[in-house]
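Beneath this line is the structure, given in structure tokens, with notes to follow.
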Amino acid sequence: MSGTGRPLYREFIKGIWQENPVLVLVLGTCPTLAVTTSVLSGFSMGMAATFVLVCSGVALSPIRKLIPDEVRIATYTAIIALFVTVAKMVLDARFPEISAKLGPYIPLIVVNCIILGRMEAFCNKNNMIRSFLDTLGMGVGFTLTLLVLGAVRELLGSGTVLGGTPWETTIYGETIKPMVVMLLPAGAFIMFGLLVGAYRALNPAKR
């Protein structure tokens, strides 16, 4: 949807709460469920997706009127693939352990429906400033959702907080066993359902 006439700050904040890409639009659920076994993995995936989302939106917006309708999706994909390649190269070079944990989900950002959706629904209809704010807000909303899921699943499934970082803390004692199911696909679906339910309880307008 075009944001013409809407205050600029609303282009940013809508993606965090009112139009959260995961909890409201239900987009990007594959990486959301797959990589949120820890805070570190969730944060890393969210930051990589946000980088690609923002850069792609800013790159597309100025040339949107030059792109023929017949090839617009192919053009979006080419632009997104460029920045996914950059993100993948940086992760491989600077953070190889994180890159290995995320596995194929970094290359799959190319077809992430959050990014393709924002390119088609917003950046293709709005100027660079609005596109930057919209994509940044969507990226922040996506990252925060992954952080919450990752924190809960890591705590319940591994008994740690911020595992894999210098601030790693073990919560459970020797007498308490972690709920390993929370690290499995079933646990991801359970926590995702509970998170969506909590969101709707806090936001009756989205029921």
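Labels used: A, B, ... for chains in the order of the structure tokens, numbers from 1 for residues in each chain, and numbers from 1 for ligands as shown.
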Write out as an MDAnalysis selection string each polymer residue whose atoms come within 8 Å of region 142-144 of chain A, counting only C-alpha atoms; drop sequence neighbours fewer than 4 positions from it. chainID A and resid 16 20:22 42:43 45:47 50 138 148
What's the 12 Å shell around region 75-83 of chain A, counting only C-alpha atoms, without same-chain residues fewer than 6 positions away, as number ranges by chain? A: 48-61, 63-64, 66-69, 89-90, 106-121, 123-124
Keeping C-alpha atoms for every residue in the selection just given, could you write it to a file as a tab-separated table (two decimals), in the first residue's frame?
```tsv
chain	number	residue	atom	x	y	z
A	48	ALA	CA	20.89	-10.18	7.69
A	49	ALA	CA	17.29	-9.96	6.47
A	50	THR	CA	17.01	-6.33	7.60
A	51	PHE	CA	20.19	-5.40	5.72
A	52	VAL	CA	18.89	-6.98	2.52
A	53	LEU	CA	15.41	-5.53	2.99
A	54	VAL	CA	16.58	-1.96	3.55
A	55	CYS	CA	19.24	-1.96	0.84
A	56	SER	CA	16.88	-3.52	-1.70
A	57	GLY	CA	14.12	-1.04	-0.93
A	58	VAL	CA	16.42	1.96	-1.16
A	59	ALA	CA	17.91	0.66	-4.43
A	60	LEU	CA	14.54	-0.11	-6.02
A	61	SER	CA	12.62	3.03	-5.14
A	63	ILE	CA	14.29	3.34	-10.42
A	64	ARG	CA	10.76	2.04	-9.87
A	66	LEU	CA	11.88	2.76	-15.18
A	67	ILE	CA	11.06	-0.91	-14.65
A	68	PRO	CA	8.54	-2.41	-17.11
A	69	ASP	CA	5.69	-4.26	-15.40
A	89	MET	CA	30.13	-12.96	1.90
A	90	VAL	CA	30.40	-10.78	5.02
A	106	ILE	CA	20.87	-16.81	4.25
A	107	PRO	CA	20.79	-17.61	0.49
A	108	LEU	CA	17.04	-18.24	0.80
A	109	ILE	CA	16.55	-14.58	1.77
A	110	VAL	CA	16.40	-14.05	-2.00
A	111	VAL	CA	12.90	-15.52	-2.01
A	112	ASN	CA	11.86	-14.34	1.45
A	113	CYS	CA	8.26	-13.22	1.06
A	114	ILE	CA	8.73	-10.30	3.47
A	115	ILE	CA	11.29	-8.73	1.16
A	116	LEU	CA	9.53	-9.51	-2.11
A	117	GLY	CA	6.26	-8.36	-0.58
A	118	ARG	CA	7.62	-4.98	0.51
A	119	MET	CA	9.24	-4.42	-2.87
A	120	GLU	CA	5.92	-5.00	-4.66
A	121	ALA	CA	3.50	-3.51	-2.14
A	123	CYS	CA	8.84	0.35	-2.47
A	124	ASN	CA	7.48	0.10	-6.01
```
Neighbours of Ser158 (chain A) within 10 Å (only C-alpha atoms; same-chain residues fewer than 2 positions away dropped), as a ChimeraX atom specification? /A:37-38,152-156,160-161,163,170-172,177-183
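Proximity to Glu97 (chain A) at 12 Å, evaluated using only C-alpha atoms and with sequence-adjacent residues fewer than 2 positions away removed, yields A:Leu40, A:Ser41, A:Ser44, A:Leu91, A:Asp92, A:Ala93, A:Arg94, A:Phe95, A:Ser99, A:Ala100, A:Lys101, A:Leu102, A:Gly103, A:Gly164, A:Thr165.
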DSSP says strand (DSSP E or B) for which residues of chain A? Put them as a list in words?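 Matching residues, listed in order: Thr160, Val161, Thr169 and Thr170 of chain A.
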Between A:Arg6, A:Val35, A:Glu174, A:Leu149, which one has atoms that come closest to Val196 (chain A), using only C-alpha atoms?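 The shortest atom-to-atom distance to Val196 (chain A) comes from A:Leu149.
Taking CA of Ala151 (chain A) and CA of Gly28 (chain A) as endpoints, the distance between them is 18.3 Å.
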Could you state the separation of CA of Trp17 (chain A) and CA of Leu195 (chain A) in Å, given to one decimal place? 13.0 Å
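Note that the spacing between CA of Pro62 (chain A) and CA of Asn127 (chain A) amounts to 6.8 Å.
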Check chain A with DSSP on the backbone and list each residue it calls helix (DSSP H, G or I), as JSON, numbers by chain. {"A": [8, 9, 10, 11, 12, 13, 29, 30, 31, 32, 33, 34, 39, 40, 41, 42, 43, 44, 45, 46, 47, 48, 49, 50, 51, 52, 53, 54, 55, 56, 57, 58, 59, 60, 61, 62, 63, 64, 65, 66, 69, 70, 71, 72, 73, 74, 75, 76, 77, 78, 79, 80, 81, 82, 83, 84, 85, 86, 87, 88, 89, 90, 91, 92, 93, 94, 96, 97, 98, 99, 100, 101, 102, 103, 104, 105, 107, 108, 109, 110, 111, 113, 114, 115, 116, 117, 118, 119, 120, 121, 122, 123, 128, 129, 130, 131, 132, 133, 134, 135, 136, 137, 138, 139, 140, 141, 142, 143, 144, 145, 146, 147, 148, 149, 150, 151, 152, 153, 154, 155, 156, 157, 158, 180, 181, 182, 183, 185, 186, 187, 188, 189, 190, 191, 192, 193, 194, 195, 196, 197, 198, 199, 200, 201, 202, 204, 205, 206]}
Same residues, C-alpha atoms, saved as a tab-separated table (two decimals), in the first residue's frame:
```tsv
chain	number	residue	atom	x	y	z
A	8	LEU	CA	6.93	9.61	8.06
A	9	TYR	CA	7.40	8.20	11.55
A	10	ARG	CA	4.41	5.90	11.03
A	11	GLU	CA	6.13	4.26	8.09
A	12	PHE	CA	8.74	3.03	10.56
A	13	ILE	CA	6.69	2.07	13.60
A	29	THR	CA	7.61	-18.00	8.86
A	30	CYS	CA	10.11	-20.50	7.42
A	31	PRO	CA	13.26	-18.78	8.78
A	32	THR	CA	11.29	-17.67	11.84
A	33	LEU	CA	10.63	-21.27	12.83
A	34	ALA	CA	13.91	-22.73	11.58
A	39	VAL	CA	19.04	-15.62	20.62
A	40	LEU	CA	22.25	-15.42	18.60
A	41	SER	CA	20.82	-17.27	15.60
A	42	GLY	CA	17.59	-15.31	15.65
A	43	PHE	CA	19.36	-11.98	15.93
A	44	SER	CA	21.84	-12.84	13.17
A	45	MET	CA	19.08	-13.91	10.79
A	46	GLY	CA	17.06	-10.81	11.59
A	47	MET	CA	19.99	-8.49	10.97
A	48	ALA	CA	20.89	-10.18	7.69
A	49	ALA	CA	17.29	-9.96	6.47
A	50	THR	CA	17.01	-6.33	7.60
A	51	PHE	CA	20.19	-5.40	5.72
A	52	VAL	CA	18.89	-6.98	2.52
A	53	LEU	CA	15.41	-5.53	2.99
A	54	VAL	CA	16.58	-1.96	3.55
A	55	CYS	CA	19.24	-1.96	0.84
A	56	SER	CA	16.88	-3.52	-1.70
A	57	GLY	CA	14.12	-1.04	-0.93
A	58	VAL	CA	16.42	1.96	-1.16
A	59	ALA	CA	17.91	0.66	-4.43
A	60	LEU	CA	14.54	-0.11	-6.02
A	61	SER	CA	12.62	3.03	-5.14
A	62	PRO	CA	14.56	5.54	-7.33
A	63	ILE	CA	14.29	3.34	-10.42
A	64	ARG	CA	10.76	2.04	-9.87
A	65	LYS	CA	9.27	4.05	-12.75
A	66	LEU	CA	11.88	2.76	-15.18
A	69	ASP	CA	5.69	-4.26	-15.40
A	70	GLU	CA	6.51	-7.44	-17.31
A	71	VAL	CA	9.90	-7.82	-15.60
A	72	ARG	CA	9.37	-6.17	-12.25
A	73	ILE	CA	9.44	-9.41	-10.20
A	74	ALA	CA	12.61	-10.53	-11.98
A	75	THR	CA	14.12	-7.12	-11.28
A	76	TYR	CA	13.23	-7.34	-7.58
A	77	THR	CA	14.85	-10.77	-7.42
A	78	ALA	CA	18.05	-9.56	-9.09
A	79	ILE	CA	18.34	-6.58	-6.72
A	80	ILE	CA	17.65	-8.72	-3.66
A	81	ALA	CA	20.13	-11.39	-4.81
A	82	LEU	CA	22.86	-8.76	-5.05
A	83	PHE	CA	22.52	-7.76	-1.41
A	84	VAL	CA	22.03	-11.35	-0.23
A	85	THR	CA	25.38	-12.15	-1.85
A	86	VAL	CA	26.99	-9.26	0.03
A	87	ALA	CA	25.45	-10.40	3.33
A	88	LYS	CA	26.56	-14.00	2.76
A	89	MET	CA	30.13	-12.96	1.90
A	90	VAL	CA	30.40	-10.78	5.02
A	91	LEU	CA	29.07	-13.55	7.27
A	92	ASP	CA	31.40	-16.13	5.72
A	93	ALA	CA	34.40	-13.83	6.10
A	94	ARG	CA	33.75	-12.28	9.50
A	96	PRO	CA	31.91	-18.15	9.87
A	97	GLU	CA	30.37	-19.94	12.86
A	98	ILE	CA	27.15	-17.93	12.59
A	99	SER	CA	27.08	-18.46	8.84
A	100	ALA	CA	27.39	-22.22	9.36
A	101	LYS	CA	24.54	-22.21	11.90
A	102	LEU	CA	22.21	-20.32	9.59
A	103	GLY	CA	23.11	-22.65	6.74
A	104	PRO	CA	20.91	-22.29	3.63
A	105	TYR	CA	18.61	-19.72	5.19
A	107	PRO	CA	20.79	-17.61	0.49
A	108	LEU	CA	17.04	-18.24	0.80
A	109	ILE	CA	16.55	-14.58	1.77
A	110	VAL	CA	16.40	-14.05	-2.00
A	111	VAL	CA	12.90	-15.52	-2.01
A	113	CYS	CA	8.26	-13.22	1.06
A	114	ILE	CA	8.73	-10.30	3.47
A	115	ILE	CA	11.29	-8.73	1.16
A	116	LEU	CA	9.53	-9.51	-2.11
A	117	GLY	CA	6.26	-8.36	-0.58
A	118	ARG	CA	7.62	-4.98	0.51
A	119	MET	CA	9.24	-4.42	-2.87
A	120	GLU	CA	5.92	-5.00	-4.66
A	121	ALA	CA	3.50	-3.51	-2.14
A	122	PHE	CA	5.44	-0.46	-0.97
A	123	CYS	CA	8.84	0.35	-2.47
A	128	MET	CA	13.30	6.53	-1.21
A	129	ILE	CA	12.74	8.06	2.24
A	130	ARG	CA	9.42	6.32	2.79
A	131	SER	CA	10.83	3.08	1.41
A	132	PHE	CA	13.81	3.30	3.77
A	133	LEU	CA	11.60	3.86	6.82
A	134	ASP	CA	9.13	1.17	5.81
A	135	THR	CA	11.75	-1.50	5.19
A	136	LEU	CA	13.71	-0.57	8.31
A	137	GLY	CA	10.57	-0.84	10.44
A	138	MET	CA	9.66	-4.19	8.90
A	139	GLY	CA	13.20	-5.42	9.48
A	140	VAL	CA	13.19	-4.32	13.11
A	141	GLY	CA	9.80	-5.97	13.65
A	142	PHE	CA	11.06	-9.18	12.09
A	143	THR	CA	14.26	-9.14	14.17
A	144	LEU	CA	12.43	-8.48	17.44
A	145	THR	CA	10.07	-11.38	16.77
A	146	LEU	CA	13.02	-13.70	16.12
A	147	LEU	CA	14.72	-12.46	19.28
A	148	VAL	CA	11.70	-13.22	21.44
A	149	LEU	CA	11.21	-16.67	19.94
A	150	GLY	CA	14.93	-17.41	20.14
A	151	ALA	CA	15.17	-16.31	23.77
A	152	VAL	CA	12.22	-18.43	24.91
A	153	ARG	CA	13.22	-21.53	22.93
A	154	GLU	CA	16.85	-21.29	24.04
A	155	LEU	CA	15.88	-20.84	27.69
A	156	LEU	CA	13.40	-23.72	27.72
A	157	GLY	CA	15.26	-26.01	25.35
A	158	SER	CA	18.90	-25.48	26.36
A	180	VAL	CA	14.49	-30.54	24.31
A	181	VAL	CA	11.25	-30.42	22.32
A	182	MET	CA	11.61	-26.63	22.22
A	183	LEU	CA	14.65	-27.02	19.97
A	185	PRO	CA	10.21	-28.16	14.84
A	186	ALA	CA	7.30	-29.04	17.13
A	187	GLY	CA	8.58	-26.62	19.75
A	188	ALA	CA	8.95	-23.91	17.13
A	189	PHE	CA	5.31	-24.27	16.08
A	190	ILE	CA	4.12	-24.33	19.69
A	191	MET	CA	5.96	-21.17	20.64
A	192	PHE	CA	4.99	-19.42	17.41
A	193	GLY	CA	1.33	-20.15	18.09
A	194	LEU	CA	1.61	-18.91	21.66
A	195	LEU	CA	3.38	-15.73	20.52
A	196	VAL	CA	0.72	-14.97	17.92
A	197	GLY	CA	-1.95	-15.62	20.55
A	198	ALA	CA	-0.24	-13.27	23.01
A	199	TYR	CA	0.00	-10.59	20.34
A	200	ARG	CA	-3.70	-10.83	19.55
A	201	ALA	CA	-4.57	-10.73	23.24
A	202	LEU	CA	-2.62	-7.46	23.57
A	204	PRO	CA	-7.78	-6.77	20.13
A	205	ALA	CA	-8.06	-4.90	16.81
A	206	LYS	CA	-6.17	-7.75	15.11
```
